[in-house]
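Text of input_35.pdb, listed as PDB, C-alpha atoms:
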MODEL        1
ATOM      1  CA  MET C   1       5.237  18.230  13.787
ATOM      2  CA  ASN C   2       6.755  14.857  12.892
ATOM      3  CA  LYS C   3       7.605  14.049   9.330
ATOM      4  CA  PRO C   4       5.383  11.170   8.159
ATOM      5  CA  GLU C   5       7.531   8.205   7.159
ATOM      6  CA  GLN C   6       5.417   6.500   4.519
ATOM      7  CA  VAL C   7       2.860   7.921   2.128
ATOM      8  CA  TYR C   8       0.900   5.895  -0.407
ATOM      9  CA  THR C   9      -1.826   6.854  -2.838
ATOM     10  CA  THR C  10      -3.965   4.936  -5.220
ATOM     11  CA  TYR C  11      -6.750   6.064  -7.547
ATOM     12  CA  ILE C  12      -9.743   3.759  -7.633
ATOM     13  CA  LYS C  13     -12.860   3.805  -9.805
ATOM     14  CA  THR C  14     -15.396   3.737  -6.997
ATOM     15  CA  THR C  15     -17.244   6.020  -4.553
ATOM     16  CA  PRO C  16     -16.003   7.262  -1.151
ATOM     17  CA  GLU C  17     -18.811   5.305   0.548
ATOM     18  CA  LYS C  18     -17.807   2.025  -1.097
ATOM     19  CA  LEU C  19     -14.136   2.623  -0.314
ATOM     20  CA  TRP C  20     -14.989   3.381   3.326
ATOM     21  CA  ALA C  21     -16.980   0.152   3.501
ATOM     22  CA  ALA C  22     -14.126  -1.772   1.883
ATOM     23  CA  ILE C  23     -11.758  -0.611   4.637
ATOM     24  CA  THR C  24     -14.107  -0.972   7.606
ATOM     25  CA  ASN C  25     -16.322  -3.986   6.833
ATOM     26  CA  PRO C  26     -14.756  -7.294   7.954
ATOM     27  CA  GLU C  27     -16.505  -9.281   5.204
ATOM     28  CA  PHE C  28     -14.983  -6.985   2.568
ATOM     29  CA  THR C  29     -11.470  -6.751   4.064
ATOM     30  CA  ARG C  30     -11.283 -10.534   4.224
ATOM     31  CA  GLN C  31     -11.581 -10.609   0.434
ATOM     32  CA  TYR C  32      -8.546  -8.485  -0.375
ATOM     33  CA  TRP C  33      -6.464  -7.950   2.805
ATOM     34  CA  GLY C  34      -4.732 -11.321   2.837
ATOM     35  CA  GLY C  35      -7.756 -13.019   4.387
ATOM     36  CA  GLY C  36      -7.831 -10.760   7.453
ATOM     37  CA  ALA C  37     -10.858  -8.956   8.879
ATOM     38  CA  ASN C  38     -10.904  -5.362  10.119
ATOM     39  CA  VAL C  39     -13.185  -5.305  13.146
ATOM     40  CA  SER C  40     -14.433  -2.278  15.091
ATOM     41  CA  ASP C  41     -17.474  -0.053  15.497
ATOM     42  CA  TRP C  42     -15.175   2.659  14.021
ATOM     43  CA  LYS C  43     -16.156   5.284  16.596
ATOM     44  CA  LYS C  44     -13.533   7.638  17.969
ATOM     45  CA  GLY C  45     -11.888   6.083  21.025
ATOM     46  CA  SER C  46     -13.012   2.530  20.188
ATOM     47  CA  LYS C  47     -10.637  -0.364  19.718
ATOM     48  CA  TRP C  48     -10.032  -1.767  16.258
ATOM     49  CA  GLU C  49      -8.445  -5.004  15.158
ATOM     50  CA  HIS C  50      -7.116  -6.553  11.975
ATOM     51  CA  ARG C  51      -7.538 -10.237  12.625
ATOM     52  CA  ASN C  52      -6.465 -13.145  10.496
ATOM     53  CA  ASP C  53      -7.223 -16.532  12.011
ATOM     54  CA  GLY C  54      -5.320 -18.209   9.196
ATOM     55  CA  ASP C  55      -8.357 -20.256   8.166
ATOM     56  CA  THR C  56      -9.390 -18.020   5.277
ATOM     57  CA  GLY C  57      -5.952 -17.974   3.691
ATOM     58  CA  GLY C  58      -2.826 -16.055   4.529
ATOM     59  CA  GLU C  59      -0.826 -15.982   7.697
ATOM     60  CA  LYS C  60      -2.245 -15.922  11.170
ATOM     61  CA  CYS C  61      -1.715 -12.407  12.438
ATOM     62  CA  CYS C  62      -3.220  -9.649  14.414
ATOM     63  CA  THR C  63      -2.743  -5.903  14.438
ATOM     64  CA  GLY C  64      -4.811  -3.306  16.155
ATOM     65  CA  GLY C  65      -5.124  -0.244  18.288
ATOM     66  CA  GLN C  66      -7.494   2.636  18.796
ATOM     67  CA  VAL C  67      -9.650   4.665  16.490
ATOM     68  CA  LEU C  68      -8.195   8.175  16.860
ATOM     69  CA  GLU C  69     -10.399   9.979  14.329
ATOM     70  CA  SER C  70     -13.368   8.792  12.311
ATOM     71  CA  THR C  71     -15.212  10.908   9.757
ATOM     72  CA  PRO C  72     -17.020   8.600   7.315
ATOM     73  CA  PRO C  73     -16.489   8.447   4.400
ATOM     74  CA  THR C  74     -13.479  10.755   4.178
ATOM     75  CA  ARG C  75     -11.046  10.329   7.044
ATOM     76  CA  LEU C  76      -9.997   7.556   9.412
ATOM     77  CA  VAL C  77      -6.998   7.705  11.766
ATOM     78  CA  LEU C  78      -5.877   4.656  13.732
ATOM     79  CA  SER C  79      -3.127   3.735  16.120
ATOM     80  CA  TRP C  80      -1.396   0.585  14.900
ATOM     81  CA  ALA C  81       0.515  -1.978  16.950
ATOM     82  CA  LYS C  82       0.957  -5.692  17.495
ATOM     83  CA  PRO C  83      -1.213  -6.771  20.465
ATOM     84  CA  GLU C  84       1.780  -8.420  22.163
ATOM     85  CA  ASP C  85       3.681  -5.139  22.128
ATOM     86  CA  PRO C  86       1.188  -2.264  22.432
ATOM     87  CA  GLU C  87       3.926   0.213  23.445
ATOM     88  CA  ASP C  88       5.551  -0.170  20.023
ATOM     89  CA  ASP C  89       2.753   1.649  18.248
ATOM     90  CA  SER C  90       2.458   3.817  15.157
ATOM     91  CA  ARG C  91      -0.212   5.874  13.481
ATOM     92  CA  VAL C  92      -1.939   5.414  10.157
ATOM     93  CA  SER C  93      -4.418   7.701   8.434
ATOM     94  CA  PHE C  94      -6.715   7.043   5.498
ATOM     95  CA  GLU C  95      -7.838  10.067   3.513
ATOM     96  CA  ILE C  96     -10.538   9.544   0.915
ATOM     97  CA  GLU C  97     -11.205  12.188  -1.712
ATOM     98  CA  ALA C  98     -13.613  11.974  -4.652
ATOM     99  CA  ILE C  99     -12.170  13.163  -7.966
ATOM    100  CA  GLU C 100     -14.709  13.064 -10.815
ATOM    101  CA  ASP C 101     -15.595   9.372 -11.283
ATOM    102  CA  MET C 102     -12.679   8.199  -9.147
ATOM    103  CA  VAL C 103     -11.589   8.262  -5.552
ATOM    104  CA  CYS C 104      -8.076   9.063  -4.359
ATOM    105  CA  LEU C 105      -7.038   7.140  -1.280
ATOM    106  CA  LYS C 106      -4.026   8.474   0.582
ATOM    107  CA  VAL C 107      -2.544   6.323   3.320
ATOM    108  CA  VAL C 108       0.022   7.939   5.624
ATOM    109  CA  HIS C 109       1.820   5.700   8.095
ATOM    110  CA  GLY C 110       4.240   7.182  10.615
ATOM    111  CA  ASN C 111       5.057   7.922  14.256
ATOM    112  CA  PHE C 112       7.043   4.704  14.463
ATOM    113  CA  LYS C 113       9.028   4.206  17.677
ATOM    114  CA  GLU C 114      12.794   4.279  17.430
ATOM    115  CA  GLY C 115      14.299   0.848  16.739
ATOM    116  CA  SER C 116      10.908  -0.622  15.811
ATOM    117  CA  ASP C 117      10.661  -3.025  12.881
ATOM    118  CA  LEU C 118       7.029  -2.060  12.245
ATOM    119  CA  ALA C 119       8.050   0.458   9.552
ATOM    120  CA  SER C 120       9.788  -2.135   7.367
ATOM    121  CA  LYS C 121       6.947  -4.614   7.871
ATOM    122  CA  VAL C 122       4.211  -2.219   6.812
ATOM    123  CA  ALA C 123       6.357  -0.918   3.914
ATOM    124  CA  TRP C 124       6.248  -4.487   2.589
ATOM    125  CA  GLY C 125       2.514  -4.770   3.095
ATOM    126  CA  TRP C 126       0.958  -1.489   2.012
ATOM    127  CA  PRO C 127       1.687  -1.601  -1.759
ATOM    128  CA  ARG C 128       0.268  -5.128  -1.826
ATOM    129  CA  VAL C 129      -2.823  -4.389   0.237
ATOM    130  CA  LEU C 130      -3.597  -1.187  -1.685
ATOM    131  CA  SER C 131      -3.158  -2.876  -5.091
ATOM    132  CA  SER C 132      -5.433  -5.632  -3.890
ATOM    133  CA  LEU C 133      -8.001  -3.131  -2.567
ATOM    134  CA  LYS C 134      -8.068  -1.376  -5.952
ATOM    135  CA  SER C 135      -8.461  -4.687  -7.752
ATOM    136  CA  PHE C 136     -11.225  -5.741  -5.345
ATOM    137  CA  LEU C 137     -13.254  -2.558  -5.849
ATOM    138  CA  GLU C 138     -12.784  -2.446  -9.628
ATOM    139  CA  THR C 139     -13.062  -6.123 -10.538
ATOM    140  CA  GLY C 140     -14.689  -7.724  -7.488
ATOM    141  CA  LYS C 141     -11.572  -9.768  -6.780
ATOM    142  CA  GLY C 142      -8.543  -9.021  -4.645
ATOM    143  CA  ILE C 143      -5.040 -10.287  -5.381
ATOM    144  CA  ASN C 144      -2.840 -12.616  -3.384
ATOM    145  CA  VAL C 145      -1.087 -10.190  -1.050
ATOM    146  CA  TRP C 146       1.144 -12.968   0.304
ATOM    147  CA  ALA C 147       2.721 -13.742  -3.112
ATOM    148  CA  GLY C 148       6.472 -14.188  -2.777
ATOM    149  CA  HIS C 149       6.325 -13.928   1.031
TER     150      HIS C 149
ATOM    151  CA  MET Z   1      -0.280   2.721 -16.642
ATOM    152  CA  GLU Z   2       1.163   4.456 -19.696
ATOM    153  CA  ALA Z   3       1.970   7.478 -17.522
ATOM    154  CA  VAL Z   4       4.029   5.226 -15.223
ATOM    155  CA  PHE Z   5       6.132   3.832 -18.079
ATOM    156  CA  LYS Z   6       6.614   7.285 -19.546
ATOM    157  CA  ALA Z   7       7.716   8.617 -16.175
ATOM    158  CA  LEU Z   8      10.153   5.741 -15.656
ATOM    159  CA  ALA Z   9      11.619   6.039 -19.159
ATOM    160  CA  ASP Z  10      13.816   8.983 -18.158
ATOM    161  CA  LYS Z  11      17.146   8.587 -16.329
ATOM    162  CA  SER Z  12      16.836  11.833 -14.357
ATOM    163  CA  ARG Z  13      13.410  10.851 -13.097
ATOM    164  CA  ARG Z  14      14.688   7.444 -12.040
ATOM    165  CA  GLU Z  15      17.479   9.241 -10.169
ATOM    166  CA  LEU Z  16      14.886  11.349  -8.393
ATOM    167  CA  LEU Z  17      13.023   8.203  -7.348
ATOM    168  CA  ASP Z  18      16.320   6.674  -6.171
ATOM    169  CA  GLN Z  19      16.926   9.731  -4.002
ATOM    170  CA  LEU Z  20      13.488   9.356  -2.438
ATOM    171  CA  ARG Z  21      14.069   5.673  -1.938
ATOM    172  CA  LYS Z  22      17.217   6.492   0.063
ATOM    173  CA  SER Z  23      15.458   9.153   2.074
ATOM    174  CA  ASN Z  24      11.720   9.490   1.783
ATOM    175  CA  GLY Z  25       9.936  12.795   2.338
ATOM    176  CA  GLN Z  26      12.338  15.397   0.877
ATOM    177  CA  THR Z  27      11.715  19.002  -0.081
ATOM    178  CA  LEU Z  28      12.451  20.361  -3.552
ATOM    179  CA  GLY Z  29      15.554  22.088  -2.140
ATOM    180  CA  GLU Z  30      16.894  18.853  -0.622
ATOM    181  CA  LEU Z  31      16.349  16.978  -3.891
ATOM    182  CA  CYS Z  32      18.144  19.710  -5.869
ATOM    183  CA  ASP Z  33      21.208  19.414  -3.612
ATOM    184  CA  TYR Z  34      21.804  15.812  -4.725
ATOM    185  CA  LEU Z  35      21.121  16.151  -8.407
ATOM    186  CA  ASP Z  36      23.038  17.830 -11.172
ATOM    187  CA  MET Z  37      19.938  19.539 -12.538
ATOM    188  CA  THR Z  38      18.460  23.007 -12.437
ATOM    189  CA  ARG Z  39      15.655  23.654  -9.976
ATOM    190  CA  GLN Z  40      13.314  24.154 -12.950
ATOM    191  CA  ALA Z  41      14.229  20.753 -14.386
ATOM    192  CA  VAL Z  42      13.696  19.020 -11.026
ATOM    193  CA  THR Z  43      10.311  20.774 -10.637
ATOM    194  CA  LYS Z  44       9.257  19.621 -14.099
ATOM    195  CA  HIS Z  45      10.351  16.029 -13.497
ATOM    196  CA  LEU Z  46       8.620  15.952 -10.109
ATOM    197  CA  ALA Z  47       5.371  17.196 -11.671
ATOM    198  CA  LEU Z  48       5.505  14.366 -14.216
ATOM    199  CA  LEU Z  49       6.265  11.794 -11.527
ATOM    200  CA  GLU Z  50       3.401  13.150  -9.468
ATOM    201  CA  SER Z  51       0.952  12.937 -12.361
ATOM    202  CA  ALA Z  52       1.983   9.281 -12.799
ATOM    203  CA  ASN Z  53       1.292   8.809  -9.055
ATOM    204  CA  LEU Z  54       4.877   7.648  -8.477
ATOM    205  CA  VAL Z  55       5.542  10.630  -6.234
ATOM    206  CA  VAL Z  56       3.081  11.886  -3.622
ATOM    207  CA  THR Z  57       3.369  15.143  -1.735
ATOM    208  CA  VAL Z  58       2.431  16.040   1.790
ATOM    209  CA  TRP Z  59       2.511  19.520   3.301
ATOM    210  CA  ARG Z  60       4.262  19.914   6.641
ATOM    211  CA  GLY Z  61       3.663  23.534   7.593
ATOM    212  CA  ARG Z  62       5.038  25.499   4.667
ATOM    213  CA  GLU Z  63       7.234  22.667   3.445
ATOM    214  CA  LYS Z  64       6.130  20.402   0.610
ATOM    215  CA  LEU Z  65       7.582  16.923   1.161
ATOM    216  CA  HIS Z  66       7.937  14.399  -1.671
ATOM    217  CA  TYR Z  67       7.406  10.675  -1.139
ATOM    218  CA  LEU Z  68       8.042   7.696  -3.380
ATOM    219  CA  ASN Z  69       4.733   5.899  -3.945
ATOM    220  CA  PRO Z  70       5.393   2.243  -4.889
ATOM    221  CA  VAL Z  71       1.719   1.320  -5.425
ATOM    222  CA  PRO Z  72       1.610   1.792  -9.263
ATOM    223  CA  ILE Z  73       4.824  -0.233  -9.641
ATOM    224  CA  HIS Z  74       3.268  -2.973  -7.561
ATOM    225  CA  GLU Z  75       0.233  -2.960  -9.860
ATOM    226  CA  ILE Z  76       2.556  -3.523 -12.831
ATOM    227  CA  PHE Z  77       4.285  -6.308 -10.922
ATOM    228  CA  MET Z  78       0.978  -8.019 -10.204
ATOM    229  CA  ARG Z  79      -0.201  -7.643 -13.789
ATOM    230  CA  TRP Z  80       2.789  -9.344 -15.366
ATOM    231  CA  ILE Z  81       5.150 -10.943 -12.862
ATOM    232  CA  GLY Z  82       2.240 -12.162 -10.735
ATOM    233  CA  LYS Z  83       0.860 -13.970 -13.740
ATOM    234  CA  PHE Z  84       4.163 -15.761 -14.393
ATOM    235  CA  GLU Z  85       4.236 -16.857 -10.776
ATOM    236  CA  GLN Z  86       0.757 -18.287 -11.152
ATOM    237  CA  GLN Z  87       1.862 -20.255 -14.230
ATOM    238  CA  ARG Z  88       4.813 -21.625 -12.282
ATOM    239  CA  MET Z  89       2.458 -22.670  -9.496
ATOM    240  CA  GLN Z  90       0.220 -24.390 -12.045
ATOM    241  CA  ALA Z  91       3.255 -26.190 -13.528
ATOM    242  CA  LEU Z  92       4.298 -27.368 -10.069
ATOM    243  CA  HIS Z  93       0.754 -28.497  -9.374
ATOM    244  CA  ASN Z  94       0.658 -30.456 -12.651
ATOM    245  CA  LEU Z  95       4.032 -32.028 -11.889
ATOM    246  CA  LYS Z  96       2.862 -33.106  -8.435
ATOM    247  CA  GLN Z  97      -0.301 -34.595  -9.893
ATOM    248  CA  ALA Z  98       1.665 -36.462 -12.567
ATOM    249  CA  LEU Z  99       4.047 -37.866  -9.935
ATOM    250  CA  GLY Z 100       1.126 -38.794  -7.706
ATOM    251  CA  GLU Z 101      -0.527 -40.637 -10.577
ATOM    252  CA  ASN Z 102       2.675 -42.508 -11.410
ATOM    253  CA  LYS Z 103       2.969 -43.610  -7.796
ATOM    254  CA  HIS Z 104      -0.587 -44.868  -7.961
ATOM    255  CA  GLU Z 105       0.147 -46.867 -11.125
ATOM    256  CA  GLN Z 106       3.249 -48.442  -9.530
ATOM    257  CA  ALA Z 107       1.274 -49.500  -6.466
TER     258      ALA Z 107
ENDMDL
END
Take the structure in the file and give it back as structure tokens.
Amino acid sequence: MNKPEQVYTTYIKTTPEKLWAAITNPEFTRQYWGGGANVSDWKKGSKWEHRNDGDTGGEKCCTGGQVLESTPPTRLVLSWAKPEDPEDDSRVSFEIEAIEDMVCLKVVHGNFKEGSDLASKVAWGWPRVLSSLKSFLETGKGINVWAGH
Amino acid sequence: MEAVFKALADKSRRELLDQLRKSNGQTLGELCDYLDMTRQAVTKHLALLESANLVVTVWRGREKLHYLNPVPIHEIFMRWIGKFEQQRMQALHNLKQALGENKHEQA
């Protein structure tokens, strides 16, 4: 079993269903994920895409892969790569657990290929995106994830 | 947020975080090798860091691996530093507007 490279958690005052929607609904992701939309039917084996056309703010970018596991509203596992280099992929899982009136979200990102720069890129992004997600669910407003970029 | 500041206020705990920053995903045994602390002390510090959500653990088989979680520190950054950045942006915006207006007056 590989050692996961990056593990993040955040506690959010919300419900698992709302958090699941915030991760999987393109209209929601656009509001806190740097202007990008997460698009998929979120069924196991389907393709998924994080797409930022650059017209809603933030940088034009695209990430995506396959839905490897999908158990709403508690567990989502995705493969993660740049579309121009699908061989250089990685794996990210979202675990959602309700704790009293809060939800704990654990994001584990790993299985990076040797020599890939994906790990350093996502290490820059995750704390920002997760802070913004928390802010979005608790206050209705995300934060500028591109600050200082 | 108070738990984060309390956790960061101790030198040994900052050393633990530094160790995880160098190499993420260590066991208690690996962390003890680097630090001049008893196993009990490291366990206690790790528990406090975990309750502040600065350290997250993941089980790999029978091994408990410790990871540095930067999300709470980023929230602090956004709460204070982010605000200063916004003020700077506003100042720049005001300056640009003032210069633009001057130009208009000259023309």
Up to 12 Å from chain C, what residues of chain Z turn up? Count all atoms listed in the file and give them as a ChimeraX atom specification.
-> /Z:1,20-21,23-27,50-79,81-86,89
Kindly provide, as a list in words, the polymer residues lying within 7 Å of (-8.7, 6.9, 19.9), counting all atoms listed in the file and using the coordinates exactly as they appear in the file.
->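 Returned residue set, sorted by chain then number, is Lys44, Gly45, Ser46, Gln66, Val67, Leu68 and Glu69 of chain C.
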Would you mind telling me which residue in C:Lys121, C:Glu97, C:Gly115, C:Thr139 lies nearest to C:Leu19 when using only C-alpha atoms?
-> C:Glu97
Record the distance separating atom CA of C:Gly64 and atom CA of C:Ser90, expressed in Å with one decimal.
->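 If I compute the distance from atom CA of C:Gly64 to atom CA of C:Ser90, I get 10.2 Å.
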Report the distance between atom CA of C:Cys61 and atom CA of C:Phe94 in Å, rounded to one decimal place.
->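 Pair atom CA of C:Cys61 / atom CA of C:Phe94 returns 21.2 Å.
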When you look at C:Asn38 with a cut-off of 8 Å (counting all atoms listed in the file), what residues show up, excluding the ones that are within fewer than 2 positions of it in the same chain? I need them as a PDB file with C-alpha atoms, keeping the file's coordinate frame.
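Just written: out-v6.pdb:
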ATOM      1  CA  ILE C  23     -11.758  -0.611   4.637  1.00  0.00           C
ATOM      2  CA  THR C  24     -14.107  -0.972   7.606  1.00  0.00           C
ATOM      3  CA  ASN C  25     -16.322  -3.986   6.833  1.00  0.00           C
ATOM      4  CA  PRO C  26     -14.756  -7.294   7.954  1.00  0.00           C
ATOM      5  CA  THR C  29     -11.470  -6.751   4.064  1.00  0.00           C
ATOM      6  CA  ARG C  30     -11.283 -10.534   4.224  1.00  0.00           C
ATOM      7  CA  GLY C  36      -7.831 -10.760   7.453  1.00  0.00           C
ATOM      8  CA  SER C  40     -14.433  -2.278  15.091  1.00  0.00           C
ATOM      9  CA  TRP C  48     -10.032  -1.767  16.258  1.00  0.00           C
ATOM     10  CA  GLU C  49      -8.445  -5.004  15.158  1.00  0.00           C
ATOM     11  CA  HIS C  50      -7.116  -6.553  11.975  1.00  0.00           C
ATOM     12  CA  ARG C  51      -7.538 -10.237  12.625  1.00  0.00           C
TER      13      ARG C  51
END
Find the residue from Z:Lys22, Z:Lys6, Z:Lys96, Z:Lys11 that sits nearest to Z:Leu49; use all atoms listed in the file when measuring.
-> Z:Lys6
Selection: 12 Å around C:Pro86, only C-alpha atoms, excl. self and same-chain fewer than 3 positions, as a CSV table (one decimal) with C-alpha atoms, in the coordinates of the input:
chain,number,residue,atom,x,y,z
C,62,CYS,CA,-3.2,-9.6,14.4
C,63,THR,CA,-2.7,-5.9,14.4
C,64,GLY,CA,-4.8,-3.3,16.2
C,65,GLY,CA,-5.1,-0.2,18.3
C,66,GLN,CA,-7.5,2.6,18.8
C,79,SER,CA,-3.1,3.7,16.1
C,80,TRP,CA,-1.4,0.6,14.9
C,81,ALA,CA,0.5,-2.0,17.0
C,82,LYS,CA,1.0,-5.7,17.5
C,83,PRO,CA,-1.2,-6.8,20.5
C,89,ASP,CA,2.8,1.6,18.2
C,90,SER,CA,2.5,3.8,15.2
C,113,LYS,CA,9.0,4.2,17.7
C,116,SER,CA,10.9,-0.6,15.8
C,118,LEU,CA,7.0,-2.1,12.2
Output the residue selection produced by the PyMOL selection byres ((chain Z and resi 34) around 12) on the file above, formatted as JSON, numbers by chain.
-> {"Z": [12, 15, 16, 17, 18, 19, 20, 22, 23, 26, 27, 28, 29, 30, 31, 32, 33, 35, 36, 37, 38, 39, 42]}
Pairwise distance for atom CA of C:Gly34 and atom CA of Z:Ala91, rounded to one decimal in Å |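 Here the two named atoms are 23.5 Å from each other.
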Report, as lines of an AutoDock Vina configuration file, the axis-aligned box around all atoms of stretch 44-52 of chain Z present in the file, extended by 8 Å on each side; give centre and edge lengths in Å to one decimal place.
center_x = 5.7
center_y = 14.5
center_z = -11.8
size_x = 25.4
size_y = 26.3
size_z = 20.7
So which one's closest to C:Gly142, C:Trp33, C:Thr15, C:Trp20, C:Asp41? Using all atoms listed in the file, please.
->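 Ranked by minimum distance to C:Gly142, first place goes to C:Trp33.
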